Amino acid sequence: MKIITALKGTHDILPGEVFKWQYVEKKIKEITEKYRYEEIRIPVFEYTDLFARGVGDTTDVVQKEMYTFDDKGGRSLTLRPEGTAGVVRSFLEHGMFADALPKKLFYMITCYRNEKPQAGRYREFRQFGVEVFGAKSPVLDAEIISMAVDILKNFGLKNLVVNINSIGCPACRKAYNDKLREYLRPYYNELCDTCKTRFEKNPLRILDCKSDVCKKIGENAPVLIDNICDECSEHFEKLKNELKTYNIDYVINKSIVRGLDYYTKTVFEITSSSLGAQSTVCGGGRYDGLVEELGGNPLPGIGFAMGLERLLMCMEAEGVYMGEPSKADIFVATLGENTASYATGFIKKLRDNGICAERDYMDRGLKAQMKYANKIGAKYSVVIGDDEVQKGICNLKNMETGESEATTFDEIIEKLK
Ligand code: HAM
C-alpha cells in the first residue's frame, strides 16, 4: 500500500532539526521578556467573521487564502491565517483593556494560508508575533521596530534592511483613495476580477495585488505617504528621530502597503537579501482602529510578526550557529542477565538527578551496545557487569576522548549532574 504523505505546503520538523527551532524559540522568548511581553496562546480556528472584519474582506488573505469550512453546526470557521485578529479578540473577550496599559503580548503560533507554495512560502507556517495595546506614541513604534531588529541581530543576521512607511489614518486615506481611483479608472478593464471588486471599496488593496498586470498598473500610482495628514506626518517624523536614537538604519519604502487592512500610520517590513523572492522576514505596524472594528472601545494597537521558517532559512544561509542536538549524558551498558535490575536502579537515580541516561532495550551484546552508544552520541558510557555490581566500582568512559576512569556510581552522579 502507498504511504500517505504530508500535504503540499506543509512540512514536518524532524527530530534531527527540532533543536534549531528550540534554540530560536528560546532565544526569542528571552529577548521578548526583556521588553516585558507576556505570552498568550490562542486557538487555531476562529469564527470566519473575525478575519473578514479584522484582516479585511478585500484582502488577498481573506478573499483567496483562508482555509474556511462549516462545522457540523453549520458555523463558518477558519484556520487562523495570522495572529493579530485572534489576539485582539482575546484581549476584548477577557477584558484585558482593564489591565495596566499598555498591554504587551507575544505569541508563537502556526498560521494557515492557501498560497502557492514556494521556497519561504508555505500553507502551514510558524510566526512569532507581538501585539501592544493602549499606547499611541511613536516612541513605541520605534521600540517595536528596534525589538525586531534586536532579535534578528542577536542571531547574527547581517543582510537586513528595515523598510518603513506610513499609510496614514482613515481621514487622510479617504482623500487619497479618491485620488487613487482617479488614477486607476482608465485601467479599470485591465484589472484582475478581484481588483475590480476592490476598486470602489478599497482601492489601496489593488496596489498589493499579486497579479502581474495589477502590479504593473500600480507602479505609477500616487503614493500614500505623500498624501498623509499633518498628524500622521508628525507621527512619522517622530518615529524616524526615535529610530536614529536606536541607531537603526532604515529606508523609507513608499510602496509598502501591507497585505492586511487593519494598518494605520506606521508600517514596516524587515527584508533579508539572504532570502529569495520571499524576502520579508518580519512585517508589522500600527492598527489604531482594529480594537474598535472588532467591537471594543477605541484603543490604539501595534505589533509585528516574524516568519520563523524564513528566519531559520536566513540563519542557515548566513551560516549562523543554531544550537546543538541534545545528546545522552551517559549510556549504561549491561553485561550478564543479573545486572539489568541494578542498571535500572542506577539509571533511575541518574534521571532523578536531571542526567540524560540511555540503555539497551534490545538484548544486544556488549559490542553492539557500545556501537549504539556511539551512534546516539552519548558523552559517557559505563559497563555494569557482575564485578561492578559486587564491588560498587566501575569505569566511566569519555566517549569522545576514549579515556576511562575508575569511579563509584555515586561519583558518576556527582560528576554529571
Ligand atoms: P504578514 O506580513 O502577513 O503579517 O506576516 C508576517 C510574516 O509571516 C511575514 O513577514 C513572513 O515572514 C511570514 N509569512 C507570511 N506568510 C507566509 C507564508 N505563506 N509562508 C511562510 N511565512 C509566511 C501578519 O501576519 C501580521 N499579523 C503581523 C502583525 C502583527 N501586524 C501587527 N501585528
# chains A, B, ... in the order shown; residues from 1 in each chain; ligands from 1
call {"tool": "residues_near_ligand", "arguments": {"ligand": "ligand 1", "cutoff": "6 Å", "atoms": "only C-alpha atoms and all ligand atoms", "output": "list in words"}}
result
Glu82, Gly83, Thr84, Arg113, Gly120, Arg121, Tyr122, Arg123, Phe125, Gln127, Gly129, Glu131, Thr280, Val281, Cys282, Gly283, Gly284, Gly285, Ile302, Gly303, Phe304, Ala305, Met306, Gly307 and Arg310 of chain A
call {"tool": "closest_atom_pairs", "arguments": {"of": "range 279-338 of chain A", "to": "range 356-364 of chain A", "cutoff": "7 Å", "atoms": "only C-alpha atoms", "output": "tab-separated table"}}
result
residue	atom	partner	partner_atom	distance
A:Ala328	CA	A:Cys356	CA	5.1
A:Asp329	CA	A:Cys356	CA	5.1
A:Ile330	CA	A:Ala357	CA	5.0
A:Phe331	CA	A:Glu358	CA	4.8
A:Val332	CA	A:Arg359	CA	5.1
A:Ala333	CA	A:Arg359	CA	6.1
call {"tool": "residues_around", "arguments": {"residues": "range 39-51 of chain A", "least_positions_apart": "2", "cutoff": "10 Å", "atoms": "only C-alpha atoms", "output": "ChimeraX atom specification"}}
result
/A:29,32-33,36-37,53-57,61-62,66-70,75-91,104-112,129-130,260,293-294
call {"tool": "residues_around", "arguments": {"residues": "Ile413 in chain A", "least_positions_apart": "6", "cutoff": "8 Å", "atoms": "only C-alpha atoms", "output": "list in words"}}
result
Lys349, Leu350, Asn353 and Ile355 of chain A
call {"tool": "residues_around", "arguments": {"residues": "Ser137 in chain A", "least_positions_apart": "2", "cutoff": "12 Å", "atoms": "only C-alpha atoms", "output": "PyMOL selection string"}}
result
chain A and resi 102+132-135+139-144+231-232+234-239+242+265-266+286+288+300-302
call {"tool": "closest_residue", "arguments": {"among": "A:Cys195, A:Ile28, A:Ala373, A:Ile347", "to": "Lys327 in chain A", "atoms": "only C-alpha atoms"}}
result
A:Ala373
call {"tool": "select_by_dssp", "arguments": {"residues": "range 186-277 of chain A", "states": "helix (DSSP H, G or I)", "output": "ChimeraX atom specification"}}
result
/A:186-190,193-201,203-208,212-218,224-227,230-245
call {"tool": "closest_residue", "arguments": {"among": "A:Asp230, A:Glu324, A:Glu414, A:Glu200", "to": "Glu182 in chain A", "atoms": "only C-alpha atoms"}}
result
A:Glu200
call {"tool": "residues_around", "arguments": {"residues": "range 221-229 of chain A", "least_positions_apart": "4", "cutoff": "12 Å", "atoms": "only C-alpha atoms", "output": "PyMOL selection string"}}
result
chain A and resi 164-187+203-204+206-208+214-217+233-237+252-257+264-267
call {"tool": "decode", "arguments": {"residues": "range 320-412 of chain A", "atoms": "C-alpha atoms", "output": "PDB file, in the first residue's frame"}}
result
ATOM      1  CA  VAL A 320      24.702  31.163  11.816  1.00  0.00           C
ATOM      2  CA  TYR A 321      25.052  28.882  14.870  1.00  0.00           C
ATOM      3  CA  MET A 322      21.709  27.228  15.609  1.00  0.00           C
ATOM      4  CA  GLY A 323      22.387  25.214  18.722  1.00  0.00           C
ATOM      5  CA  GLU A 324      23.205  21.531  19.035  1.00  0.00           C
ATOM      6  CA  PRO A 325      21.060  18.420  19.036  1.00  0.00           C
ATOM      7  CA  SER A 326      20.692  17.197  22.610  1.00  0.00           C
ATOM      8  CA  LYS A 327      22.685  14.065  23.420  1.00  0.00           C
ATOM      9  CA  ALA A 328      22.606  11.420  26.116  1.00  0.00           C
ATOM     10  CA  ASP A 329      24.916  12.307  29.015  1.00  0.00           C
ATOM     11  CA  ILE A 330      25.623   8.653  29.623  1.00  0.00           C
ATOM     12  CA  PHE A 331      24.930   5.242  28.122  1.00  0.00           C
ATOM     13  CA  VAL A 332      24.652   2.440  30.664  1.00  0.00           C
ATOM     14  CA  ALA A 333      25.659  -0.892  29.131  1.00  0.00           C
ATOM     15  CA  THR A 334      24.937  -4.152  30.875  1.00  0.00           C
ATOM     16  CA  LEU A 335      26.862  -7.421  30.820  1.00  0.00           C
ATOM     17  CA  GLY A 336      25.118 -10.554  32.035  1.00  0.00           C
ATOM     18  CA  GLU A 337      21.488 -11.143  32.899  1.00  0.00           C
ATOM     19  CA  ASN A 338      21.710 -10.379  36.582  1.00  0.00           C
ATOM     20  CA  THR A 339      22.918  -6.826  36.170  1.00  0.00           C
ATOM     21  CA  ALA A 340      19.811  -5.419  34.439  1.00  0.00           C
ATOM     22  CA  SER A 341      17.884  -4.578  37.581  1.00  0.00           C
ATOM     23  CA  TYR A 342      20.956  -2.928  39.161  1.00  0.00           C
ATOM     24  CA  ALA A 343      21.279  -0.873  35.972  1.00  0.00           C
ATOM     25  CA  THR A 344      17.593   0.073  36.174  1.00  0.00           C
ATOM     26  CA  GLY A 345      18.098   1.409  39.711  1.00  0.00           C
ATOM     27  CA  PHE A 346      21.217   3.336  38.662  1.00  0.00           C
ATOM     28  CA  ILE A 347      19.543   4.810  35.574  1.00  0.00           C
ATOM     29  CA  LYS A 348      16.577   5.929  37.664  1.00  0.00           C
ATOM     30  CA  LYS A 349      18.950   7.664  40.080  1.00  0.00           C
ATOM     31  CA  LEU A 350      20.737   9.356  37.185  1.00  0.00           C
ATOM     32  CA  ARG A 351      17.467  10.635  35.738  1.00  0.00           C
ATOM     33  CA  ASP A 352      16.206  11.723  39.161  1.00  0.00           C
ATOM     34  CA  ASN A 353      19.303  13.916  39.272  1.00  0.00           C
ATOM     35  CA  GLY A 354      18.496  15.531  35.934  1.00  0.00           C
ATOM     36  CA  ILE A 355      21.013  13.500  33.921  1.00  0.00           C
ATOM     37  CA  CYS A 356      20.020  12.182  30.478  1.00  0.00           C
ATOM     38  CA  ALA A 357      20.715   8.436  30.642  1.00  0.00           C
ATOM     39  CA  GLU A 358      20.158   5.788  27.976  1.00  0.00           C
ATOM     40  CA  ARG A 359      20.391   1.981  27.984  1.00  0.00           C
ATOM     41  CA  ASP A 360      19.911  -1.088  25.798  1.00  0.00           C
ATOM     42  CA  TYR A 361      16.399  -2.443  25.356  1.00  0.00           C
ATOM     43  CA  MET A 362      17.159  -4.884  22.564  1.00  0.00           C
ATOM     44  CA  ASP A 363      19.236  -7.623  24.212  1.00  0.00           C
ATOM     45  CA  ARG A 364      22.323  -6.561  22.295  1.00  0.00           C
ATOM     46  CA  GLY A 365      25.761  -7.938  23.085  1.00  0.00           C
ATOM     47  CA  LEU A 366      28.297  -5.567  24.679  1.00  0.00           C
ATOM     48  CA  LYS A 367      29.965  -4.667  21.379  1.00  0.00           C
ATOM     49  CA  ALA A 368      26.630  -3.802  19.743  1.00  0.00           C
ATOM     50  CA  GLN A 369      25.608  -1.801  22.817  1.00  0.00           C
ATOM     51  CA  MET A 370      28.761   0.323  22.534  1.00  0.00           C
ATOM     52  CA  LYS A 371      28.187   0.799  18.824  1.00  0.00           C
ATOM     53  CA  TYR A 372      24.692   2.068  19.603  1.00  0.00           C
ATOM     54  CA  ALA A 373      26.087   4.387  22.326  1.00  0.00           C
ATOM     55  CA  ASN A 374      28.404   5.844  19.725  1.00  0.00           C
ATOM     56  CA  LYS A 375      25.627   6.229  17.167  1.00  0.00           C
ATOM     57  CA  ILE A 376      23.400   8.204  19.523  1.00  0.00           C
ATOM     58  CA  GLY A 377      26.370  10.386  20.503  1.00  0.00           C
ATOM     59  CA  ALA A 378      26.403   9.551  24.229  1.00  0.00           C
ATOM     60  CA  LYS A 379      29.009  11.647  26.046  1.00  0.00           C
ATOM     61  CA  TYR A 380      29.979   8.961  28.555  1.00  0.00           C
ATOM     62  CA  SER A 381      29.399   5.241  28.949  1.00  0.00           C
ATOM     63  CA  VAL A 382      29.688   2.767  31.737  1.00  0.00           C
ATOM     64  CA  VAL A 383      29.516  -1.030  31.648  1.00  0.00           C
ATOM     65  CA  ILE A 384      27.763  -2.773  34.524  1.00  0.00           C
ATOM     66  CA  GLY A 385      28.761  -6.419  34.939  1.00  0.00           C
ATOM     67  CA  ASP A 386      28.702  -8.749  37.972  1.00  0.00           C
ATOM     68  CA  ASP A 387      32.051  -7.421  39.191  1.00  0.00           C
ATOM     69  CA  GLU A 388      30.888  -3.813  39.114  1.00  0.00           C
ATOM     70  CA  VAL A 389      27.712  -4.700  40.998  1.00  0.00           C
ATOM     71  CA  GLN A 390      29.657  -6.556  43.675  1.00  0.00           C
ATOM     72  CA  LYS A 391      32.449  -4.012  44.206  1.00  0.00           C
ATOM     73  CA  GLY A 392      30.481  -0.854  43.514  1.00  0.00           C
ATOM     74  CA  ILE A 393      33.362   0.366  41.317  1.00  0.00           C
ATOM     75  CA  CYS A 394      33.087   0.855  37.560  1.00  0.00           C
ATOM     76  CA  ASN A 395      34.881   2.502  34.633  1.00  0.00           C
ATOM     77  CA  LEU A 396      33.432   5.734  33.328  1.00  0.00           C
ATOM     78  CA  LYS A 397      34.439   6.156  29.692  1.00  0.00           C
ATOM     79  CA  ASN A 398      34.574   9.515  27.969  1.00  0.00           C
ATOM     80  CA  MET A 399      33.234   8.575  24.535  1.00  0.00           C
ATOM     81  CA  GLU A 400      34.906  11.488  22.803  1.00  0.00           C
ATOM     82  CA  THR A 401      38.468  11.048  24.109  1.00  0.00           C
ATOM     83  CA  GLY A 402      38.221   7.307  24.779  1.00  0.00           C
ATOM     84  CA  GLU A 403      39.694   7.837  28.273  1.00  0.00           C
ATOM     85  CA  SER A 404      38.368   5.824  31.219  1.00  0.00           C
ATOM     86  CA  GLU A 405      38.492   6.445  34.956  1.00  0.00           C
ATOM     87  CA  ALA A 406      37.671   4.081  37.824  1.00  0.00           C
ATOM     88  CA  THR A 407      34.904   5.548  39.915  1.00  0.00           C
ATOM     89  CA  THR A 408      31.871   4.734  42.084  1.00  0.00           C
ATOM     90  CA  PHE A 409      28.287   5.002  40.854  1.00  0.00           C
ATOM     91  CA  ASP A 410      27.585   7.881  43.252  1.00  0.00           C
ATOM     92  CA  GLU A 411      30.618   9.758  41.971  1.00  0.00           C
ATOM     93  CA  ILE A 412      29.270   9.461  38.403  1.00  0.00           C
TER      94      ILE A 412
END
